[in-house]
Each structure stands twice: as C-alpha cells, then as structure tokens.
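Shown below: run.txt, with compact mmCIF, N, CA and C atoms.
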# COMPACT_ATOMS: atom_id res chain seq x y z
N MET N 201 12.38 33.53 -22.07
CA MET N 201 13.33 32.54 -21.64
C MET N 201 12.97 31.98 -20.26
N CYS N 202 12.45 32.82 -19.40
CA CYS N 202 12.08 32.40 -18.05
C CYS N 202 10.91 31.42 -18.10
N HIS N 203 9.97 31.65 -19.01
CA HIS N 203 8.81 30.76 -19.14
C HIS N 203 9.26 29.36 -19.57
N THR N 204 10.22 29.27 -20.46
CA THR N 204 10.72 27.98 -20.93
C THR N 204 11.38 27.20 -19.81
N SER N 205 12.15 27.86 -18.96
CA SER N 205 12.80 27.16 -17.85
C SER N 205 11.78 26.69 -16.81
N ALA N 206 10.72 27.46 -16.62
CA ALA N 206 9.67 27.05 -15.69
C ALA N 206 8.94 25.81 -16.21
N VAL N 207 8.63 25.79 -17.51
CA VAL N 207 7.98 24.63 -18.12
C VAL N 207 8.89 23.41 -18.04
N LEU N 208 10.17 23.60 -18.30
CA LEU N 208 11.14 22.50 -18.23
C LEU N 208 11.22 21.95 -16.81
N TYR N 209 11.20 22.84 -15.81
CA TYR N 209 11.24 22.41 -14.42
C TYR N 209 10.00 21.59 -14.06
N VAL N 210 8.84 22.02 -14.52
CA VAL N 210 7.60 21.29 -14.26
C VAL N 210 7.63 19.92 -14.92
N LEU N 211 8.10 19.86 -16.15
CA LEU N 211 8.20 18.58 -16.85
C LEU N 211 9.18 17.64 -16.15
N GLN N 212 10.31 18.17 -15.70
CA GLN N 212 11.28 17.35 -14.98
C GLN N 212 10.69 16.83 -13.67
N SER N 213 9.93 17.66 -12.99
CA SER N 213 9.29 17.24 -11.74
C SER N 213 8.28 16.14 -12.00
N ILE N 214 7.50 16.28 -13.05
CA ILE N 214 6.50 15.26 -13.38
C ILE N 214 7.17 13.94 -13.73
N VAL N 215 8.24 14.00 -14.50
CA VAL N 215 8.95 12.78 -14.88
C VAL N 215 9.56 12.11 -13.64
N LEU N 216 10.19 12.90 -12.78
CA LEU N 216 10.81 12.35 -11.57
C LEU N 216 9.76 11.72 -10.65
N LEU N 217 8.66 12.41 -10.43
CA LEU N 217 7.61 11.87 -9.57
C LEU N 217 6.98 10.62 -10.19
N SER N 218 6.82 10.62 -11.50
CA SER N 218 6.25 9.45 -12.17
C SER N 218 7.16 8.23 -12.01
N VAL N 219 8.45 8.43 -12.18
CA VAL N 219 9.40 7.33 -12.02
C VAL N 219 9.39 6.84 -10.58
N MET N 220 9.36 7.77 -9.62
CA MET N 220 9.34 7.38 -8.21
C MET N 220 8.07 6.59 -7.88
N PHE N 221 6.91 7.07 -8.31
CA PHE N 221 5.66 6.38 -8.01
C PHE N 221 5.61 5.01 -8.68
N CYS N 222 6.09 4.92 -9.91
CA CYS N 222 6.10 3.62 -10.59
C CYS N 222 7.03 2.63 -9.88
N THR N 223 8.19 3.10 -9.46
CA THR N 223 9.14 2.24 -8.77
C THR N 223 8.58 1.77 -7.43
N ILE N 224 8.06 2.70 -6.64
CA ILE N 224 7.49 2.35 -5.34
C ILE N 224 6.28 1.44 -5.51
N GLY N 225 5.42 1.78 -6.46
CA GLY N 225 4.23 0.97 -6.70
C GLY N 225 4.56 -0.44 -7.15
N LEU N 226 5.51 -0.57 -8.07
CA LEU N 226 5.90 -1.88 -8.57
C LEU N 226 6.56 -2.71 -7.47
N ALA N 227 7.45 -2.10 -6.69
CA ALA N 227 8.09 -2.81 -5.59
C ALA N 227 7.06 -3.25 -4.55
N GLY N 228 6.11 -2.38 -4.24
CA GLY N 228 5.07 -2.72 -3.27
C GLY N 228 4.18 -3.84 -3.76
N LEU N 229 3.78 -3.78 -5.01
CA LEU N 229 2.91 -4.82 -5.56
C LEU N 229 3.62 -6.17 -5.61
N VAL N 230 4.83 -6.17 -6.16
CA VAL N 230 5.57 -7.43 -6.29
C VAL N 230 5.90 -8.02 -4.92
N GLY N 231 6.38 -7.19 -4.00
CA GLY N 231 6.75 -7.67 -2.67
C GLY N 231 5.58 -8.25 -1.91
N ASN N 232 4.45 -7.55 -1.92
CA ASN N 232 3.28 -8.03 -1.19
C ASN N 232 2.67 -9.27 -1.83
N ILE N 233 2.68 -9.33 -3.15
CA ILE N 233 2.18 -10.53 -3.83
C ILE N 233 3.07 -11.72 -3.51
N LEU N 234 4.38 -11.52 -3.47
CA LEU N 234 5.30 -12.61 -3.12
C LEU N 234 5.07 -13.11 -1.70
N VAL N 235 4.78 -12.20 -0.77
CA VAL N 235 4.50 -12.61 0.61
C VAL N 235 3.24 -13.47 0.66
N VAL N 236 2.18 -13.04 0.00
CA VAL N 236 0.93 -13.80 0.01
C VAL N 236 1.13 -15.17 -0.66
N VAL N 237 1.83 -15.20 -1.78
CA VAL N 237 2.06 -16.46 -2.49
C VAL N 237 2.91 -17.40 -1.63
N ALA N 238 3.92 -16.88 -0.95
CA ALA N 238 4.77 -17.72 -0.11
C ALA N 238 3.98 -18.35 1.03
N VAL N 239 3.10 -17.59 1.65
CA VAL N 239 2.31 -18.13 2.76
C VAL N 239 1.27 -19.12 2.25
N VAL N 240 0.63 -18.80 1.15
CA VAL N 240 -0.42 -19.69 0.62
C VAL N 240 0.18 -20.98 0.05
N ALA N 241 1.34 -20.89 -0.58
CA ALA N 241 1.94 -22.05 -1.24
C ALA N 241 2.52 -23.06 -0.26
N ASN N 242 2.97 -22.62 0.90
CA ASN N 242 3.60 -23.51 1.86
C ASN N 242 2.59 -23.88 2.95
N LYS N 243 2.23 -25.15 3.00
CA LYS N 243 1.21 -25.60 3.95
C LYS N 243 1.66 -25.39 5.40
N LYS N 244 2.94 -25.55 5.67
CA LYS N 244 3.45 -25.38 7.03
C LYS N 244 3.34 -23.92 7.49
N MET N 245 3.52 -23.00 6.55
CA MET N 245 3.45 -21.57 6.90
C MET N 245 2.02 -21.13 7.19
N ARG N 246 1.04 -21.82 6.64
CA ARG N 246 -0.36 -21.45 6.85
C ARG N 246 -0.85 -21.73 8.26
N HIS N 247 -0.13 -22.56 8.99
CA HIS N 247 -0.56 -22.94 10.34
C HIS N 247 -0.03 -21.99 11.42
N SER N 248 0.80 -21.05 11.05
CA SER N 248 1.34 -20.10 12.01
C SER N 248 0.48 -18.84 12.05
N ALA N 249 0.11 -18.43 13.24
CA ALA N 249 -0.72 -17.22 13.38
C ALA N 249 0.04 -15.99 12.87
N THR N 250 1.33 -15.94 13.16
CA THR N 250 2.13 -14.79 12.72
C THR N 250 2.15 -14.69 11.20
N ASN N 251 2.31 -15.81 10.53
CA ASN N 251 2.34 -15.79 9.07
C ASN N 251 0.99 -15.39 8.48
N LEU N 252 -0.08 -15.80 9.12
CA LEU N 252 -1.41 -15.37 8.66
C LEU N 252 -1.60 -13.87 8.87
N PHE N 253 -1.11 -13.35 9.99
CA PHE N 253 -1.17 -11.91 10.22
C PHE N 253 -0.34 -11.17 9.17
N ILE N 254 0.83 -11.70 8.86
CA ILE N 254 1.70 -11.04 7.87
C ILE N 254 1.07 -11.07 6.49
N SER N 255 0.42 -12.18 6.14
CA SER N 255 -0.25 -12.21 4.83
C SER N 255 -1.45 -11.27 4.81
N ASN N 256 -2.15 -11.13 5.94
CA ASN N 256 -3.24 -10.17 6.03
C ASN N 256 -2.71 -8.75 5.86
N LEU N 257 -1.58 -8.47 6.47
CA LEU N 257 -0.94 -7.16 6.32
C LEU N 257 -0.53 -6.92 4.87
N ALA N 258 -0.04 -7.96 4.20
CA ALA N 258 0.35 -7.82 2.79
C ALA N 258 -0.86 -7.52 1.91
N VAL N 259 -2.00 -8.17 2.18
CA VAL N 259 -3.21 -7.90 1.40
C VAL N 259 -3.69 -6.47 1.65
N ALA N 260 -3.67 -6.02 2.90
CA ALA N 260 -4.06 -4.64 3.21
C ALA N 260 -3.13 -3.66 2.51
N ASP N 261 -1.83 -3.95 2.51
CA ASP N 261 -0.89 -3.07 1.82
C ASP N 261 -1.09 -3.07 0.31
N LEU N 262 -1.47 -4.21 -0.23
CA LEU N 262 -1.79 -4.27 -1.67
C LEU N 262 -2.96 -3.36 -2.00
N ILE N 263 -3.98 -3.40 -1.17
CA ILE N 263 -5.14 -2.54 -1.40
C ILE N 263 -4.75 -1.07 -1.28
N ILE N 264 -3.91 -0.75 -0.30
CA ILE N 264 -3.44 0.63 -0.15
C ILE N 264 -2.63 1.05 -1.37
N MET N 265 -1.79 0.15 -1.87
CA MET N 265 -0.98 0.47 -3.06
C MET N 265 -1.89 0.71 -4.27
N LEU N 266 -2.88 -0.12 -4.43
CA LEU N 266 -3.75 0.01 -5.60
C LEU N 266 -4.62 1.26 -5.56
N PHE N 267 -5.16 1.56 -4.40
CA PHE N 267 -6.09 2.69 -4.30
C PHE N 267 -5.42 3.99 -3.90
N GLY N 268 -4.41 3.93 -3.06
CA GLY N 268 -3.76 5.15 -2.57
C GLY N 268 -2.86 5.82 -3.57
N VAL N 269 -2.07 5.04 -4.28
CA VAL N 269 -1.12 5.61 -5.24
C VAL N 269 -1.87 6.26 -6.40
N LEU N 270 -2.97 5.66 -6.83
CA LEU N 270 -3.74 6.25 -7.92
C LEU N 270 -4.32 7.61 -7.52
N GLU N 271 -4.78 7.70 -6.28
CA GLU N 271 -5.33 8.97 -5.80
C GLU N 271 -4.25 10.04 -5.72
N ILE N 272 -3.09 9.68 -5.19
CA ILE N 272 -2.00 10.64 -5.07
C ILE N 272 -1.54 11.10 -6.45
N ALA N 273 -1.44 10.18 -7.38
CA ALA N 273 -1.02 10.55 -8.74
C ALA N 273 -2.02 11.50 -9.39
N GLN N 274 -3.29 11.28 -9.12
CA GLN N 274 -4.31 12.15 -9.70
C GLN N 274 -4.22 13.56 -9.13
N PHE N 275 -3.91 13.68 -7.85
CA PHE N 275 -3.80 15.00 -7.24
C PHE N 275 -2.49 15.69 -7.58
N ILE N 276 -1.47 14.93 -7.94
CA ILE N 276 -0.20 15.54 -8.34
C ILE N 276 -0.37 16.36 -9.61
N VAL N 277 -1.17 15.87 -10.52
CA VAL N 277 -1.41 16.63 -11.75
C VAL N 277 -2.30 17.83 -11.49
N ASN N 278 -2.74 17.98 -10.22
CA ASN N 278 -3.46 19.17 -9.76
C ASN N 278 -4.78 19.39 -10.49
N ARG N 279 -5.48 18.29 -10.70
CA ARG N 279 -6.79 18.41 -11.35
C ARG N 279 -7.91 17.97 -10.44
N GLY N 280 -7.59 17.53 -9.22
CA GLY N 280 -8.62 17.11 -8.29
C GLY N 280 -9.18 15.74 -8.65
N TRP N 281 -10.26 15.39 -8.01
CA TRP N 281 -10.90 14.10 -8.26
C TRP N 281 -11.79 14.21 -9.48
N LEU N 282 -11.58 13.35 -10.45
CA LEU N 282 -12.28 13.44 -11.73
C LEU N 282 -13.32 12.33 -11.94
N LEU N 283 -13.47 11.44 -10.96
CA LEU N 283 -14.26 10.23 -11.20
C LEU N 283 -15.63 10.22 -10.54
N GLY N 284 -16.11 11.35 -10.08
CA GLY N 284 -17.46 11.42 -9.53
C GLY N 284 -17.54 11.15 -8.04
N LEU N 285 -18.66 11.56 -7.46
CA LEU N 285 -18.85 11.47 -6.01
C LEU N 285 -18.95 10.03 -5.52
N THR N 286 -19.64 9.16 -6.25
CA THR N 286 -19.81 7.78 -5.82
C THR N 286 -18.47 7.06 -5.76
N LEU N 287 -17.66 7.20 -6.81
CA LEU N 287 -16.34 6.56 -6.81
C LEU N 287 -15.42 7.19 -5.77
N CYS N 288 -15.58 8.46 -5.52
CA CYS N 288 -14.78 9.14 -4.50
C CYS N 288 -15.05 8.53 -3.13
N LYS N 289 -16.34 8.39 -2.80
CA LYS N 289 -16.71 7.82 -1.49
C LYS N 289 -16.32 6.35 -1.40
N THR N 290 -16.50 5.61 -2.49
CA THR N 290 -16.14 4.19 -2.49
C THR N 290 -14.64 4.01 -2.33
N GLN N 291 -13.88 4.80 -3.08
CA GLN N 291 -12.42 4.72 -3.00
C GLN N 291 -11.94 5.09 -1.61
N ARG N 292 -12.50 6.12 -1.03
CA ARG N 292 -12.10 6.56 0.32
C ARG N 292 -12.44 5.50 1.36
N PHE N 293 -13.62 4.88 1.24
CA PHE N 293 -14.03 3.83 2.16
C PHE N 293 -13.06 2.65 2.10
N ILE N 294 -12.73 2.22 0.88
CA ILE N 294 -11.81 1.08 0.71
C ILE N 294 -10.43 1.43 1.26
N LEU N 295 -9.95 2.61 0.97
CA LEU N 295 -8.61 3.01 1.42
C LEU N 295 -8.55 3.11 2.94
N VAL N 296 -9.52 3.73 3.56
CA VAL N 296 -9.53 3.87 5.02
C VAL N 296 -9.71 2.50 5.68
N SER N 297 -10.54 1.65 5.11
CA SER N 297 -10.72 0.29 5.65
C SER N 297 -9.41 -0.49 5.60
N ALA N 298 -8.69 -0.37 4.50
CA ALA N 298 -7.40 -1.05 4.38
C ALA N 298 -6.38 -0.49 5.37
N LEU N 299 -6.41 0.82 5.58
CA LEU N 299 -5.49 1.41 6.56
C LEU N 299 -5.80 0.91 7.96
N TYR N 300 -7.07 0.86 8.32
CA TYR N 300 -7.44 0.33 9.63
C TYR N 300 -7.08 -1.15 9.75
N ALA N 301 -7.29 -1.92 8.69
CA ALA N 301 -6.93 -3.34 8.71
C ALA N 301 -5.43 -3.50 8.93
N SER N 302 -4.65 -2.65 8.31
CA SER N 302 -3.20 -2.69 8.47
C SER N 302 -2.81 -2.39 9.91
N ILE N 303 -3.40 -1.36 10.49
CA ILE N 303 -3.09 -0.98 11.87
C ILE N 303 -3.51 -2.07 12.85
N TRP N 304 -4.72 -2.60 12.69
CA TRP N 304 -5.20 -3.65 13.59
C TRP N 304 -4.38 -4.93 13.44
N THR N 305 -3.93 -5.22 12.23
CA THR N 305 -3.09 -6.40 12.03
C THR N 305 -1.75 -6.23 12.73
N LEU N 306 -1.15 -5.05 12.62
CA LEU N 306 0.11 -4.81 13.33
C LEU N 306 -0.07 -4.93 14.83
N MET N 307 -1.19 -4.44 15.33
CA MET N 307 -1.47 -4.56 16.76
C MET N 307 -1.66 -6.03 17.15
N ALA N 308 -2.34 -6.80 16.33
CA ALA N 308 -2.53 -8.23 16.61
C ALA N 308 -1.20 -8.97 16.61
N VAL N 309 -0.29 -8.62 15.69
CA VAL N 309 1.03 -9.24 15.66
C VAL N 309 1.78 -8.93 16.96
N CYS N 310 1.71 -7.69 17.41
CA CYS N 310 2.39 -7.31 18.66
C CYS N 310 1.82 -8.08 19.85
N ILE N 311 0.52 -8.19 19.94
CA ILE N 311 -0.11 -8.92 21.05
C ILE N 311 0.25 -10.40 20.99
N GLU N 312 0.21 -10.95 19.78
CA GLU N 312 0.55 -12.37 19.62
C GLU N 312 2.00 -12.63 20.00
N ARG N 313 2.88 -11.74 19.64
CA ARG N 313 4.30 -11.88 20.00
C ARG N 313 4.50 -11.72 21.51
N CYS N 314 3.78 -10.80 22.13
CA CYS N 314 3.89 -10.61 23.58
C CYS N 314 3.40 -11.83 24.34
N CYS N 315 2.42 -12.50 23.80
CA CYS N 315 1.90 -13.71 24.46
C CYS N 315 2.79 -14.92 24.19
N THR N 316 3.42 -14.97 23.03
CA THR N 316 4.19 -16.14 22.63
C THR N 316 5.60 -16.13 23.19
N ILE N 317 6.28 -15.01 23.16
CA ILE N 317 7.69 -14.96 23.55
C ILE N 317 7.92 -15.36 25.01
N PRO N 318 7.15 -14.86 25.98
CA PRO N 318 7.40 -15.30 27.36
C PRO N 318 7.20 -16.80 27.57
N ASN N 319 6.30 -17.41 26.82
CA ASN N 319 6.06 -18.84 26.95
C ASN N 319 7.23 -19.68 26.44
N ARG N 320 8.02 -19.12 25.54
CA ARG N 320 9.16 -19.85 24.99
C ARG N 320 10.40 -19.73 25.86
N LEU N 321 10.44 -18.74 26.73
CA LEU N 321 11.61 -18.56 27.60
C LEU N 321 11.54 -19.52 28.70

Show me, as structure tokens, the structure contained in the file I just sent.
Amino acid sequence: MCHTSAVLYVLQSIVLLSVMFCTIGLAGLVGNILVVVAVVANKKMRHSATNLFISNLAVADLIIMLFGVLEIAQFIVNRGWLLGLTLCKTQRFILVSALYASIWTLMAVCIERCCTIPNRL
C-alpha cells in the first residue's frame, strides 16, 4: 500500500509541474511575441530607443523560454542530458548568451532612462 501512495505522489508531482511549466511557457511565449509584434508593427514605436531595448529584451526572453524550459523539463524527469555533447554545449552557449543579452539590455534601459529623465525635467 505504501508503494502505491508513493507512485501516486510522484505522478501528481509530474502532472502539477507539467501544468505549471506549460502555463509559464505559454504565457512567456505569447507575451514576448506580442511585445515584438507591437513594436515592429507600429512605425512610431520603432523610433524610440526604449522600445527597441524592450523588444530586444523580449527576444532574449523568448530564447530563454525556448531553451531554458526544455532543459529544466528534461532534468525534472531525472534522466540527465540525453541529446549528446555537441547539443549540450550549443544549448548552453545559446542560453548563456541570451541571459547576458537580457542583463545588458536591462542595464542599457537603465542608463538610457538616467540620461533621458533629467533632460525632461
């Protein structure tokens, strides 16, 4: 009887984590795609440095969503990396590059805001 409850607990955990990852992943993909589409579709928005930084941040977040969530899901099933050394290094390079792009973009937004706000006062 104890073995059955342990298996049931594991299955419930897998289902809960799967629903959470799908929800977060879908919200992240849809939200970031909408940001990029809004900036690209509106000609006036393309001329603002802040909007270009925000769309760059959205693209970096899209890459993180695509590559990071898949890696986390693979490790949740506790089987390790199954796709070979070359894909492991490529995936890690892309993920770390996107993380750095996200951080540098946030820093650029802060600097741009610090330079712009005093000029408007």

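Between N:Val239 and the residues N:Ala206, N:Ala298, N:Asn251, N:Phe293, the shortest atom-to-atom distance, using all atoms listed in the file, involves N:Asn251.
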
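Minimum atom-to-atom distances from N:Leu211, N:Ile272, N:Ile294, N:Ile254 to N:Leu234 were compared using only C-alpha atoms, and the lowest value belongs to N:Ile254.
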
Practice problem: Determine, counting all atoms listed in the file, which protein, DNA and RNA residues have an atom within 7 Å of an atom of N:Gly228; residues of the same chain fewer than 6 positions away are not included. Present the result as a ChimeraX atom specification. | Solution: /N:261-262,265

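For the pair atom CA of N:Glu312 and atom CA of N:Ala249, the interatomic distance is 8.0 Å.
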
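Between atom N of N:Thr316 and atom N of N:Thr250 lies a distance of 10.1 Å.
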
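Reported to one decimal place, the separation of atom CA of N:Leu257 from atom CA of N:Ala238 is 13.6 Å.
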
Quiz item: Which residue gives the smallest distance to N:Val269 among N:Val215, N:Phe221, N:Lys244, N:Arg313, with all atoms listed in the file counted?
Solution: N:Phe221

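Closest approach to N:Tyr300 among N:Val210, N:Leu270, N:Ser255, N:Ala260: N:Ala260, based on only C-alpha atoms.
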